[in-house]
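Read through the structure below, which is laid out as structure tokens, and then see the notes.
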Amino acid sequence: MRVRQVMVFVTAIGLLMSVPLVAHHSATTLYTQKTVTLKGIVKTWRWSNPHCLLTFDVKGEDGQVVQWLAETQAPNTVYTEGYRPNSFKPDDEITVTMRPAANGRPYGLLTQAVLADGTKLGSEEGARGRGAAAQ
Amino acid sequence: MRNRLWVVMVGLLSAALFPVDPFAQNRSTQTWPQPVPARAPIAEKDKKPAPRRSLVGMWGAIAGNRQATNQSSGVQLKPNNGRPENQLPYTPYGLQLYKSHKGLEGIDAVPQAETNDPRVRCEPLGVPRHNHYDLGIQIFQDEYKVAMLYQYDNRWRVIWTDGRPLPKLVDGGVEIDAEFRERRWFGYSVGKWVDDYTLEVQTVGTMPEDRVWLDNTGRPISDQLRITETFRRLDYDDLEWSETIEDPKVYTRPWQTMKMPLALQDPRTDIMTRYCSPVEIEAYNKAYGDPVSAK
């Protein structure tokens with residue numbers, strides 16, 4: 001009985017996590033379902049509505065640098081995930097996990113950012129939920 | 001025995017003179033609390049009865065239920081996900097209107113560049129859409145009115161509770177004492193306490209179908225809309241907010257859009273602003289929204 005209760009609870013939490021948060025647009029169609037993790041250097045961090053934007057450079061194995069732009073939700077949503085107006089500054093080293101744009105361009109939905117000191121912002125699970133199909 | 005009586009008397013006197021306020025421990029707040037509602041759920045044993053005829057307080061989502069207050073995928077009780085149970089009773093005109101709306105959410109969502117959602121142009125959401133977007137409200141009241149302050153875009157609305165009648169809904173606006181009055185983003189609202197813990201609110205005179213939507217998914221409403229809301233104070237910490245809409249131009253019958261549980265939050269919360277700024281929207285679309293949704 002107890003196991004069943006736990007399973008119901010876990011399922012309920014899973015369902016909660018799979019519902020989009022405040023979405024300016026539907027992540028369902030804009031992004032792929034898979035996530036990628038990239039190491040890069042911060043260029044800019046814009047703390048603004050309707051979504052915050054993080055620009056960072058990623059150097060490929062061929063030496064080419066590609067500039068990526070990743071969005072989060074609005075400041076009042078991502079505040080609870082640890083993000084702040086001064087979370088990133090230019091030249092910070094970061095590791096970014098995101099769902100890339102479905103159109104193949106260097107854009108993505110930021111799911112988690114890890115700073116050089118190990119500080120984690122956001123969560124992979126939470127951001128997977130942001131883009132999941134609507135209930 | 002006599003000592004025990006004294007203890008009881010002092011206890012009763014203290015309770016009368018110093019009623020319990022869960023936030024009263026620190027009237028002189030020493031710091032700025034987090035700018036987002038973050039109150040933990042109240043244990044059953046700690047729950048207190050609701051005050052009589054009062055909705056005053058800062059109300060936010062129950063912890064863990066934030067997605068419900070955002071209603072990104074359509075109104076809470078009828079998310080726009082194509083499931084049979086969530087089909088709406090459109091009139092032919094209502095269906096035509098829905099098909100003309102290009103929403104960013106729901107089963108018929110379009111890419112950013114194709115939307116005609118008034119919200120993306122920073123138009124006011126009006127009611128009832130303000131009830132369905134990024135909820136978090138603060139309520140103040142006096143003997144004449146209840147004032148609702150909406151977190152999103154820092155909007156406010158007045159519900160009159162002083163006995164005035166609901167205006168008569170007429171073409172293009174409302175009639176009050178035989179005088180024609182204009183339509184409004186938040187309509188004309190009157191409320192009546194149906195018991196000591198339940199306020200029923202009627203609203204008419206809202207904006208027409210080319211200015212406002214019902215929800216993020218582009219469901220329509222018209223200026224013939226009548227909204228019935230019920231605010232039920234379940235106890236000191238819990239409020240249930242229900243809404244039913246009737247709009248014969250768009251829907252063949254009335255239907256319930258939400259039954260939202262809200263929890264009382266720390267009144268000291270200086271909430272983060274979330275304005276819709278046309279400048280910020282334009283900058284966002286140019287930098288991100290347009291390229292990410294390009295084919």
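Quick note on naming: the chains in the structure tokens go A, B, ... in the order shown, residues restart at 1 in each chain, and ligands are numbered from 1 in order of appearance.
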
Which residues come within 12 Å of segment 25-40 of chain B, counting only C-alpha atoms, excluding same-chain residues fewer than 6 positions away, as a PDB file with N, CA and C atoms, in the first residue's frame?
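The file below, result.pdb, is the result:
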```pdb
ATOM      1  N   PRO A  75      12.084  36.947 -15.410  1.00  0.00           N
ATOM      2  CA  PRO A  75      12.815  37.059 -14.143  1.00  0.00           C
ATOM      3  C   PRO A  75      12.041  36.556 -12.924  1.00  0.00           C
ATOM      4  N   ASN A  76      10.732  36.842 -12.859  1.00  0.00           N
ATOM      5  CA  ASN A  76       9.996  36.433 -11.652  1.00  0.00           C
ATOM      6  C   ASN A  76       9.831  34.915 -11.555  1.00  0.00           C
ATOM      7  N   THR A  77      10.055  34.221 -12.669  1.00  0.00           N
ATOM      8  CA  THR A  77       9.995  32.758 -12.630  1.00  0.00           C
ATOM      9  C   THR A  77      11.365  32.172 -12.316  1.00  0.00           C
ATOM     10  N   VAL A  78      12.403  32.678 -12.986  1.00  0.00           N
ATOM     11  CA  VAL A  78      13.723  32.052 -12.807  1.00  0.00           C
ATOM     12  C   VAL A  78      14.417  32.491 -11.517  1.00  0.00           C
ATOM     13  N   TYR A  79      13.882  33.527 -10.876  1.00  0.00           N
ATOM     14  CA  TYR A  79      14.446  33.914  -9.579  1.00  0.00           C
ATOM     15  C   TYR A  79      14.445  32.717  -8.626  1.00  0.00           C
ATOM     16  N   THR A  80      13.348  31.962  -8.672  1.00  0.00           N
ATOM     17  CA  THR A  80      13.231  30.820  -7.760  1.00  0.00           C
ATOM     18  C   THR A  80      14.172  29.682  -8.146  1.00  0.00           C
ATOM     19  N   GLU A  81      14.755  29.745  -9.348  1.00  0.00           N
ATOM     20  CA  GLU A  81      15.714  28.723  -9.777  1.00  0.00           C
ATOM     21  C   GLU A  81      17.149  29.168  -9.508  1.00  0.00           C
ATOM     22  N   GLY A  82      17.297  30.310  -8.855  1.00  0.00           N
ATOM     23  CA  GLY A  82      18.632  30.765  -8.476  1.00  0.00           C
ATOM     24  C   GLY A  82      19.218  31.863  -9.339  1.00  0.00           C
ATOM     25  N   ARG A  84      19.898  35.472 -10.951  1.00  0.00           N
ATOM     26  CA  ARG A  84      19.840  36.843 -10.476  1.00  0.00           C
ATOM     27  C   ARG A  84      20.304  37.772 -11.606  1.00  0.00           C
TER      28      ARG A  84
ATOM     29  N   PHE B  18      -4.439  40.396  21.939  1.00  0.00           N
ATOM     30  CA  PHE B  18      -3.364  40.197  20.958  1.00  0.00           C
ATOM     31  C   PHE B  18      -3.710  39.037  20.029  1.00  0.00           C
ATOM     32  N   PRO B  19      -4.638  39.277  19.078  1.00  0.00           N
ATOM     33  CA  PRO B  19      -5.016  38.177  18.188  1.00  0.00           C
ATOM     34  C   PRO B  19      -3.823  37.672  17.400  1.00  0.00           C
ATOM     35  N   MET B  58      -2.289  38.934   0.492  1.00  0.00           N
ATOM     36  CA  MET B  58      -1.545  38.636  -0.717  1.00  0.00           C
ATOM     37  C   MET B  58      -1.747  37.149  -1.000  1.00  0.00           C
ATOM     38  N   TRP B  59      -2.252  36.861  -2.198  1.00  0.00           N
ATOM     39  CA  TRP B  59      -2.622  35.482  -2.523  1.00  0.00           C
ATOM     40  C   TRP B  59      -1.781  34.967  -3.672  1.00  0.00           C
ATOM     41  N   GLY B  60      -1.250  33.782  -3.474  1.00  0.00           N
ATOM     42  CA  GLY B  60      -0.415  33.187  -4.513  1.00  0.00           C
ATOM     43  C   GLY B  60      -0.721  31.712  -4.658  1.00  0.00           C
ATOM     44  N   ALA B  61       0.030  31.105  -5.548  1.00  0.00           N
ATOM     45  CA  ALA B  61      -0.189  29.690  -5.821  1.00  0.00           C
ATOM     46  C   ALA B  61       0.126  28.849  -4.594  1.00  0.00           C
ATOM     47  N   ILE B  62      -0.590  27.746  -4.468  1.00  0.00           N
ATOM     48  CA  ILE B  62      -0.211  26.741  -3.486  1.00  0.00           C
ATOM     49  C   ILE B  62       1.162  26.220  -3.915  1.00  0.00           C
ATOM     50  N   ALA B  63       2.052  26.013  -2.963  1.00  0.00           N
ATOM     51  CA  ALA B  63       3.385  25.517  -3.313  1.00  0.00           C
ATOM     52  C   ALA B  63       3.275  24.254  -4.153  1.00  0.00           C
ATOM     53  N   GLY B  64       4.011  24.203  -5.240  1.00  0.00           N
ATOM     54  CA  GLY B  64       3.978  23.035  -6.115  1.00  0.00           C
ATOM     55  C   GLY B  64       2.862  23.079  -7.130  1.00  0.00           C
ATOM     56  N   ASN B  65       2.069  24.147  -7.118  1.00  0.00           N
ATOM     57  CA  ASN B  65       0.933  24.222  -8.037  1.00  0.00           C
ATOM     58  C   ASN B  65       1.034  25.462  -8.925  1.00  0.00           C
ATOM     59  N   ARG B  66       2.256  25.956  -9.100  1.00  0.00           N
ATOM     60  CA  ARG B  66       2.444  27.215  -9.801  1.00  0.00           C
ATOM     61  C   ARG B  66       1.963  27.153 -11.253  1.00  0.00           C
ATOM     62  N   LEU B 135      -0.775  34.406 -12.400  1.00  0.00           N
ATOM     63  CA  LEU B 135      -1.521  34.881 -11.237  1.00  0.00           C
ATOM     64  C   LEU B 135      -0.664  35.098 -10.016  1.00  0.00           C
ATOM     65  N   GLY B 136      -1.176  35.900  -9.202  1.00  0.00           N
ATOM     66  CA  GLY B 136      -0.610  36.376  -7.966  1.00  0.00           C
ATOM     67  C   GLY B 136      -1.351  37.680  -7.778  1.00  0.00           C
ATOM     68  N   ILE B 137      -2.136  37.772  -6.726  1.00  0.00           N
ATOM     69  CA  ILE B 137      -2.933  38.987  -6.540  1.00  0.00           C
ATOM     70  C   ILE B 137      -2.811  39.461  -5.100  1.00  0.00           C
ATOM     71  N   GLN B 138      -2.999  40.748  -4.962  1.00  0.00           N
ATOM     72  CA  GLN B 138      -3.112  41.312  -3.625  1.00  0.00           C
ATOM     73  C   GLN B 138      -4.501  41.920  -3.534  1.00  0.00           C
ATOM     74  N   GLN B 151      -0.531  40.898 -10.207  1.00  0.00           N
ATOM     75  CA  GLN B 151       0.929  40.916 -10.310  1.00  0.00           C
ATOM     76  C   GLN B 151       1.384  41.219 -11.734  1.00  0.00           C
ATOM     77  N   ASP B 237      -5.955  30.730   5.664  1.00  0.00           N
ATOM     78  CA  ASP B 237      -4.850  30.682   4.715  1.00  0.00           C
ATOM     79  C   ASP B 237      -5.237  30.263   3.306  1.00  0.00           C
ATOM     80  N   LEU B 262      -5.833  29.231  -3.922  1.00  0.00           N
ATOM     81  CA  LEU B 262      -4.762  30.195  -3.664  1.00  0.00           C
ATOM     82  C   LEU B 262      -4.413  30.162  -2.183  1.00  0.00           C
ATOM     83  N   ALA B 263      -3.147  30.432  -1.893  1.00  0.00           N
ATOM     84  CA  ALA B 263      -2.686  30.401  -0.501  1.00  0.00           C
ATOM     85  C   ALA B 263      -2.256  31.799  -0.062  1.00  0.00           C
ATOM     86  N   LEU B 264      -2.556  32.122   1.174  1.00  0.00           N
ATOM     87  CA  LEU B 264      -2.159  33.414   1.730  1.00  0.00           C
ATOM     88  C   LEU B 264      -0.636  33.470   1.828  1.00  0.00           C
ATOM     89  N   GLN B 265      -0.068  34.573   1.348  1.00  0.00           N
ATOM     90  CA  GLN B 265       1.385  34.719   1.338  1.00  0.00           C
ATOM     91  C   GLN B 265       1.825  35.748   2.380  1.00  0.00           C
ATOM     92  N   ASP B 266       3.105  35.797   2.592  1.00  0.00           N
ATOM     93  CA  ASP B 266       3.681  36.776   3.516  1.00  0.00           C
ATOM     94  C   ASP B 266       3.362  38.185   2.991  1.00  0.00           C
ATOM     95  N   PRO B 267       2.627  38.993   3.760  1.00  0.00           N
ATOM     96  CA  PRO B 267       2.219  40.315   3.258  1.00  0.00           C
ATOM     97  C   PRO B 267       3.393  41.278   3.085  1.00  0.00           C
ATOM     98  N   ARG B 268       4.551  40.889   3.568  1.00  0.00           N
ATOM     99  CA  ARG B 268       5.726  41.775   3.443  1.00  0.00           C
ATOM    100  C   ARG B 268       6.446  41.576   2.114  1.00  0.00           C
ATOM    101  N   THR B 269       5.959  40.636   1.303  1.00  0.00           N
ATOM    102  CA  THR B 269       6.626  40.353   0.040  1.00  0.00           C
ATOM    103  C   THR B 269       6.518  41.551  -0.909  1.00  0.00           C
ATOM    104  N   ASP B 270       7.640  42.094  -1.275  1.00  0.00           N
ATOM    105  CA  ASP B 270       7.682  43.192  -2.243  1.00  0.00           C
ATOM    106  C   ASP B 270       7.895  42.548  -3.605  1.00  0.00           C
ATOM    107  N   ILE B 271       6.790  42.251  -4.243  1.00  0.00           N
ATOM    108  CA  ILE B 271       6.824  41.321  -5.373  1.00  0.00           C
ATOM    109  C   ILE B 271       7.568  41.894  -6.584  1.00  0.00           C
ATOM    110  N   MET B 272       8.222  41.008  -7.330  1.00  0.00           N
ATOM    111  CA  MET B 272       8.950  41.432  -8.524  1.00  0.00           C
ATOM    112  C   MET B 272       7.968  41.936  -9.566  1.00  0.00           C
ATOM    113  N   THR B 273       8.324  42.996 -10.221  1.00  0.00           N
ATOM    114  CA  THR B 273       7.428  43.510 -11.252  1.00  0.00           C
ATOM    115  C   THR B 273       7.603  42.719 -12.534  1.00  0.00           C
ATOM    116  N   ARG B 274       6.523  42.583 -13.254  1.00  0.00           N
ATOM    117  CA  ARG B 274       6.603  41.955 -14.564  1.00  0.00           C
ATOM    118  C   ARG B 274       5.761  42.768 -15.541  1.00  0.00           C
TER     119      ARG B 274
END
```

For segment 246-255 of chain B, work out the shell of residues within 6 Å, counting only C-alpha atoms and skipping chain neighbours fewer than 5 positions away, then give it as a PDB file with C-alpha atoms, in the first residue's frame.
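What ended up in selection_13.pdb:
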```pdb
ATOM      1  CA  PRO B  89     -19.386  24.782 -26.971  1.00  0.00           C
ATOM      2  CA  TYR B  90     -18.596  27.299 -29.703  1.00  0.00           C
ATOM      3  CA  THR B  91     -21.283  29.014 -31.728  1.00  0.00           C
ATOM      4  CA  GLY B  94     -17.246  31.709 -31.913  1.00  0.00           C
ATOM      5  CA  GLN B 224     -21.628  40.270 -24.585  1.00  0.00           C
ATOM      6  CA  LEU B 225     -19.656  38.396 -21.948  1.00  0.00           C
ATOM      7  CA  ARG B 226     -20.991  37.978 -18.426  1.00  0.00           C
TER       8      ARG B 226
END
```

Show which residues sit within 9 Å of segment 47-60 of chain A, as a PDB file with N, CA and C atoms, in the first residue's frame. Count only C-alpha atoms, and ignore same-chain residues fewer than 6 positions away.
```pdb
ATOM      1  N   ALA A  23       4.928  30.672 -20.117  1.00  0.00           N
ATOM      2  CA  ALA A  23       5.523  30.595 -21.443  1.00  0.00           C
ATOM      3  C   ALA A  23       5.059  31.762 -22.294  1.00  0.00           C
ATOM      4  N   HIS A  24       6.002  32.465 -22.877  1.00  0.00           N
ATOM      5  CA  HIS A  24       5.660  33.527 -23.793  1.00  0.00           C
ATOM      6  C   HIS A  24       5.254  32.910 -25.121  1.00  0.00           C
ATOM      7  N   LEU A  38      27.006  22.385 -23.470  1.00  0.00           N
ATOM      8  CA  LEU A  38      28.117  23.072 -24.130  1.00  0.00           C
ATOM      9  C   LEU A  38      28.913  23.871 -23.120  1.00  0.00           C
ATOM     10  N   LYS A  39      30.232  23.905 -23.313  1.00  0.00           N
ATOM     11  CA  LYS A  39      31.077  24.777 -22.492  1.00  0.00           C
ATOM     12  C   LYS A  39      31.340  26.047 -23.293  1.00  0.00           C
ATOM     13  N   GLY A  40      31.269  27.196 -22.637  1.00  0.00           N
ATOM     14  CA  GLY A  40      31.450  28.434 -23.379  1.00  0.00           C
ATOM     15  C   GLY A  40      31.887  29.593 -22.512  1.00  0.00           C
ATOM     16  N   ILE A  41      31.963  30.738 -23.145  1.00  0.00           N
ATOM     17  CA  ILE A  41      32.364  31.979 -22.473  1.00  0.00           C
ATOM     18  C   ILE A  41      31.222  32.992 -22.613  1.00  0.00           C
ATOM     19  N   VAL A  66      31.328  29.675 -32.303  1.00  0.00           N
ATOM     20  CA  VAL A  66      29.913  29.916 -32.633  1.00  0.00           C
ATOM     21  C   VAL A  66      29.267  30.642 -31.464  1.00  0.00           C
ATOM     22  N   GLN A  67      28.552  31.701 -31.780  1.00  0.00           N
ATOM     23  CA  GLN A  67      27.851  32.428 -30.721  1.00  0.00           C
ATOM     24  C   GLN A  67      26.443  31.856 -30.547  1.00  0.00           C
ATOM     25  N   TRP A  68      26.144  31.446 -29.326  1.00  0.00           N
ATOM     26  CA  TRP A  68      24.836  30.889 -28.988  1.00  0.00           C
ATOM     27  C   TRP A  68      24.037  31.902 -28.176  1.00  0.00           C
ATOM     28  N   LEU A  69      22.731  31.804 -28.316  1.00  0.00           N
ATOM     29  CA  LEU A  69      21.836  32.653 -27.530  1.00  0.00           C
ATOM     30  C   LEU A  69      20.785  31.733 -26.904  1.00  0.00           C
ATOM     31  N   ALA A  70      20.727  31.765 -25.581  1.00  0.00           N
ATOM     32  CA  ALA A  70      19.777  30.887 -24.875  1.00  0.00           C
ATOM     33  C   ALA A  70      18.834  31.738 -24.039  1.00  0.00           C
ATOM     34  N   GLU A  71      17.595  31.308 -23.991  1.00  0.00           N
ATOM     35  CA  GLU A  71      16.611  32.057 -23.200  1.00  0.00           C
ATOM     36  C   GLU A  71      16.187  31.267 -21.970  1.00  0.00           C
ATOM     37  N   THR A  72      15.782  32.029 -20.963  1.00  0.00           N
ATOM     38  CA  THR A  72      15.132  31.429 -19.800  1.00  0.00           C
ATOM     39  C   THR A  72      13.701  31.958 -19.771  1.00  0.00           C
ATOM     40  N   GLN A  73      13.004  31.669 -18.715  1.00  0.00           N
ATOM     41  CA  GLN A  73      11.696  32.283 -18.519  1.00  0.00           C
ATOM     42  C   GLN A  73      11.881  33.700 -17.977  1.00  0.00           C
ATOM     43  N   ALA A  74      10.765  34.331 -17.603  1.00  0.00           N
ATOM     44  CA  ALA A  74      10.805  35.713 -17.106  1.00  0.00           C
ATOM     45  C   ALA A  74      11.544  35.764 -15.766  1.00  0.00           C
ATOM     46  N   PRO A  75      12.084  36.947 -15.410  1.00  0.00           N
ATOM     47  CA  PRO A  75      12.815  37.059 -14.143  1.00  0.00           C
ATOM     48  C   PRO A  75      12.041  36.556 -12.924  1.00  0.00           C
ATOM     49  N   VAL A  78      12.403  32.678 -12.986  1.00  0.00           N
ATOM     50  CA  VAL A  78      13.723  32.052 -12.807  1.00  0.00           C
ATOM     51  C   VAL A  78      14.417  32.491 -11.517  1.00  0.00           C
ATOM     52  N   ARG A  84      19.898  35.472 -10.951  1.00  0.00           N
ATOM     53  CA  ARG A  84      19.840  36.843 -10.476  1.00  0.00           C
ATOM     54  C   ARG A  84      20.304  37.772 -11.606  1.00  0.00           C
ATOM     55  N   PRO A  85      20.039  39.090 -11.451  1.00  0.00           N
ATOM     56  CA  PRO A  85      20.456  40.021 -12.523  1.00  0.00           C
ATOM     57  C   PRO A  85      21.967  39.985 -12.772  1.00  0.00           C
ATOM     58  N   ASN A  86      22.737  39.610 -11.754  1.00  0.00           N
ATOM     59  CA  ASN A  86      24.201  39.596 -11.913  1.00  0.00           C
ATOM     60  C   ASN A  86      24.780  38.172 -11.884  1.00  0.00           C
ATOM     61  N   PHE A  88      25.692  36.292 -14.299  1.00  0.00           N
ATOM     62  CA  PHE A  88      26.776  36.098 -15.271  1.00  0.00           C
ATOM     63  C   PHE A  88      27.399  37.434 -15.610  1.00  0.00           C
ATOM     64  N   PRO A  90      30.514  39.179 -18.422  1.00  0.00           N
ATOM     65  CA  PRO A  90      31.301  38.837 -19.609  1.00  0.00           C
ATOM     66  C   PRO A  90      32.600  38.126 -19.227  1.00  0.00           C
ATOM     67  N   ASP A  91      32.956  37.138 -20.038  1.00  0.00           N
ATOM     68  CA  ASP A  91      34.169  36.329 -19.911  1.00  0.00           C
ATOM     69  C   ASP A  91      34.075  35.227 -18.855  1.00  0.00           C
ATOM     70  N   ILE A  94      31.318  29.066 -18.487  1.00  0.00           N
ATOM     71  CA  ILE A  94      30.075  28.397 -18.073  1.00  0.00           C
ATOM     72  C   ILE A  94      29.880  27.090 -18.838  1.00  0.00           C
ATOM     73  N   LEU A 110      17.409  27.488 -22.261  1.00  0.00           N
ATOM     74  CA  LEU A 110      18.363  27.205 -21.193  1.00  0.00           C
ATOM     75  C   LEU A 110      17.701  26.351 -20.114  1.00  0.00           C
TER      76      LEU A 110
ATOM     77  N   ARG B 274       6.523  42.583 -13.254  1.00  0.00           N
ATOM     78  CA  ARG B 274       6.603  41.955 -14.564  1.00  0.00           C
ATOM     79  C   ARG B 274       5.761  42.768 -15.541  1.00  0.00           C
ATOM     80  N   TYR B 275       6.328  43.873 -15.948  1.00  0.00           N
ATOM     81  CA  TYR B 275       5.646  44.726 -16.907  1.00  0.00           C
ATOM     82  C   TYR B 275       5.766  44.140 -18.300  1.00  0.00           C
ATOM     83  N   CYS B 276       4.765  44.452 -19.127  1.00  0.00           N
ATOM     84  CA  CYS B 276       4.914  44.191 -20.543  1.00  0.00           C
ATOM     85  C   CYS B 276       5.411  45.491 -21.146  1.00  0.00           C
ATOM     86  N   SER B 277       6.670  45.520 -21.520  1.00  0.00           N
ATOM     87  CA  SER B 277       7.266  46.727 -22.086  1.00  0.00           C
ATOM     88  C   SER B 277       7.401  46.539 -23.592  1.00  0.00           C
ATOM     89  N   GLU B 280      11.013  46.257 -24.579  1.00  0.00           N
ATOM     90  CA  GLU B 280      11.660  44.983 -24.257  1.00  0.00           C
ATOM     91  C   GLU B 280      11.145  43.853 -25.156  1.00  0.00           C
ATOM     92  N   ILE B 281       9.852  43.897 -25.455  1.00  0.00           N
ATOM     93  CA  ILE B 281       9.279  42.867 -26.346  1.00  0.00           C
ATOM     94  C   ILE B 281       9.931  42.959 -27.726  1.00  0.00           C
ATOM     95  N   TYR B 284      13.454  41.706 -27.562  1.00  0.00           N
ATOM     96  CA  TYR B 284      13.468  40.243 -27.424  1.00  0.00           C
ATOM     97  C   TYR B 284      13.172  39.575 -28.763  1.00  0.00           C
ATOM     98  N   ALA B 287      16.134  39.957 -31.189  1.00  0.00           N
ATOM     99  CA  ALA B 287      17.329  39.183 -30.838  1.00  0.00           C
ATOM    100  C   ALA B 287      17.048  37.691 -30.846  1.00  0.00           C
ATOM    101  N   TYR B 288      15.843  37.309 -30.430  1.00  0.00           N
ATOM    102  CA  TYR B 288      15.623  35.891 -30.185  1.00  0.00           C
ATOM    103  C   TYR B 288      14.352  35.310 -30.803  1.00  0.00           C
TER     104      TYR B 288
END
```

| request: Could you pull out the residues in segment 49-116 of chain A that DSSP calls helix (DSSP H, G or I) from the backbone, as a ChimeraX atom specification? | output: /A:75-81

| said: Rounded to one decimal, what separation in Å do you get between atom CA of Ala116 of chain A and atom CA of Trp45 of chain A? | reply: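 One can read the atom CA of Ala116 of chain A to atom CA of Trp45 of chain A distance as 15.9 Å.
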
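Between chain A and the residues B:Glu123, B:Asp46, B:Asp134, B:Glu200, the shortest atom-to-atom distance, using only C-alpha atoms, involves B:Asp134.
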
| task | Tell me, in Å to one decimal, how far atom CA of Tyr152 of chain B is from atom CA of Tyr188 of chain B. | result |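 Rounded to one decimal, the two atoms are 20.2 Å apart.
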
| remark: From atom CA of Thr228 of chain B to atom CA of Thr244 of chain B the spacing works out at 5.2 Å

| task | Considering only C-alpha atoms, return as JSON, numbers by chain whatever protein or nucleic-acid residues lie within 6 Å of Ser73 of chain B, sequence-local ones (same chain, fewer than 2 positions apart) excluded. | result | {"A": [134], "B": [71, 79, 80, 105, 106]}

Within 7 Å of Gly218 of chain B, counting only C-alpha atoms, which residues show up once you throw out same-chain ones fewer than 6 positions away? Write them as a compact mmCIF listing (two decimals) with C-alpha atoms, in the first residue's frame, please.
```txt
# COMPACT_ATOMS: atom_id res chain seq x y z
CA TYR B 98 -11.13 31.09 -32.61
CA HIS B 101 -6.74 33.87 -33.51
CA LYS B 102 -3.14 32.71 -33.80
CA GLY B 103 -2.04 31.83 -30.29
```

| field | Proximity to chain B - best of A:Lys89, A:Val42, A:Asn103, A:Gly118, only C-alpha atoms | value | A:Asn103

Do a neighbour search on Met98 of chain A at 10 Å with only C-alpha atoms, toss out local chain neighbours closer than 2 positions, and write the hits as a compact mmCIF listing (two decimals) with N, CA and C atoms, in the first residue's frame.
```txt
# COMPACT_ATOMS: atom_id res chain seq x y z
N TYR A 31 11.55 23.93 -29.90
CA TYR A 31 12.78 23.26 -29.48
C TYR A 31 12.70 21.76 -29.70
N THR A 32 13.88 21.17 -29.83
CA THR A 32 13.94 19.72 -29.89
C THR A 32 13.69 19.18 -28.48
N GLN A 33 13.36 17.92 -28.39
CA GLN A 33 13.12 17.32 -27.07
C GLN A 33 14.43 16.96 -26.37
N LYS A 34 15.50 16.80 -27.15
CA LYS A 34 16.78 16.41 -26.53
C LYS A 34 17.48 17.64 -25.95
N THR A 35 18.39 17.39 -25.02
CA THR A 35 19.19 18.49 -24.49
C THR A 35 20.64 18.30 -24.92
N VAL A 36 21.36 19.42 -25.01
CA VAL A 36 22.80 19.36 -25.28
C VAL A 36 23.51 20.15 -24.18
N THR A 37 24.76 19.79 -23.91
CA THR A 37 25.56 20.52 -22.92
C THR A 37 26.80 21.09 -23.61
N LEU A 38 27.01 22.39 -23.47
CA LEU A 38 28.12 23.07 -24.13
C LEU A 38 28.91 23.87 -23.12
N ALA A 70 20.73 31.76 -25.58
CA ALA A 70 19.78 30.89 -24.88
C ALA A 70 18.83 31.74 -24.04
N GLU A 71 17.60 31.31 -23.99
CA GLU A 71 16.61 32.06 -23.20
C GLU A 71 16.19 31.27 -21.97
N THR A 72 15.78 32.03 -20.96
CA THR A 72 15.13 31.43 -19.80
C THR A 72 13.70 31.96 -19.77
N THR A 95 29.08 26.25 -18.21
CA THR A 95 28.64 25.03 -18.88
C THR A 95 27.13 25.11 -18.96
N VAL A 96 26.62 25.09 -20.16
CA VAL A 96 25.20 25.33 -20.37
C VAL A 96 24.53 24.08 -20.91
N PRO A 100 18.12 22.72 -27.88
CA PRO A 100 18.41 23.55 -29.05
C PRO A 100 17.15 23.84 -29.88
N ALA A 101 17.23 24.92 -30.65
CA ALA A 101 16.12 25.29 -31.53
C ALA A 101 15.88 24.18 -32.56
N TYR A 107 20.38 28.69 -31.20
CA TYR A 107 19.51 29.24 -30.17
C TYR A 107 19.02 28.07 -29.33
N GLY A 108 18.61 28.37 -28.09
CA GLY A 108 18.14 27.26 -27.27
C GLY A 108 17.42 27.72 -26.01
N LEU A 109 16.72 26.76 -25.43
CA LEU A 109 16.02 27.00 -24.16
C LEU A 109 16.94 26.55 -23.03
N LEU A 110 17.41 27.49 -22.26
CA LEU A 110 18.36 27.20 -21.19
C LEU A 110 17.70 26.35 -20.11
N THR A 111 18.31 25.25 -19.81
CA THR A 111 17.74 24.41 -18.75
C THR A 111 18.60 24.46 -17.49
N GLN A 112 19.91 24.51 -17.68
CA GLN A 112 20.78 24.64 -16.51
C GLN A 112 22.10 25.28 -16.91
N ALA A 113 22.58 26.17 -16.04
CA ALA A 113 23.90 26.78 -16.26
C ALA A 113 24.76 26.49 -15.04
N GLU A 124 17.87 20.75 -14.85
CA GLU A 124 17.54 20.05 -16.10
C GLU A 124 16.10 19.57 -16.07
N ALA A 127 13.53 22.49 -16.52
CA ALA A 127 13.48 23.05 -17.85
C ALA A 127 12.92 22.06 -18.86
N ARG A 128 13.12 20.76 -18.62
CA ARG A 128 12.46 19.79 -19.49
C ARG A 128 10.96 20.03 -19.42
```

| message | Just checking: using only C-alpha atoms, which residue out of B:Thr69, B:Ser54, B:Ser242, B:Gln256 ends up closest to chain A? | response | B:Thr69

| field | Surrounding residues of Arg52 of chain B excluding itself and chain neighbours under 4 positions, 9 Å, only C-alpha atoms, as a VMD selection string | value | chain B and resid 196 to 197 233

| Minimum-distance residue to chain B, chosen among A:Ala102, A:Val65, A:Val114, A:Leu121 (using only C-alpha atoms) |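 Of the candidates, the smallest distance to chain B is held by A:Ala102.
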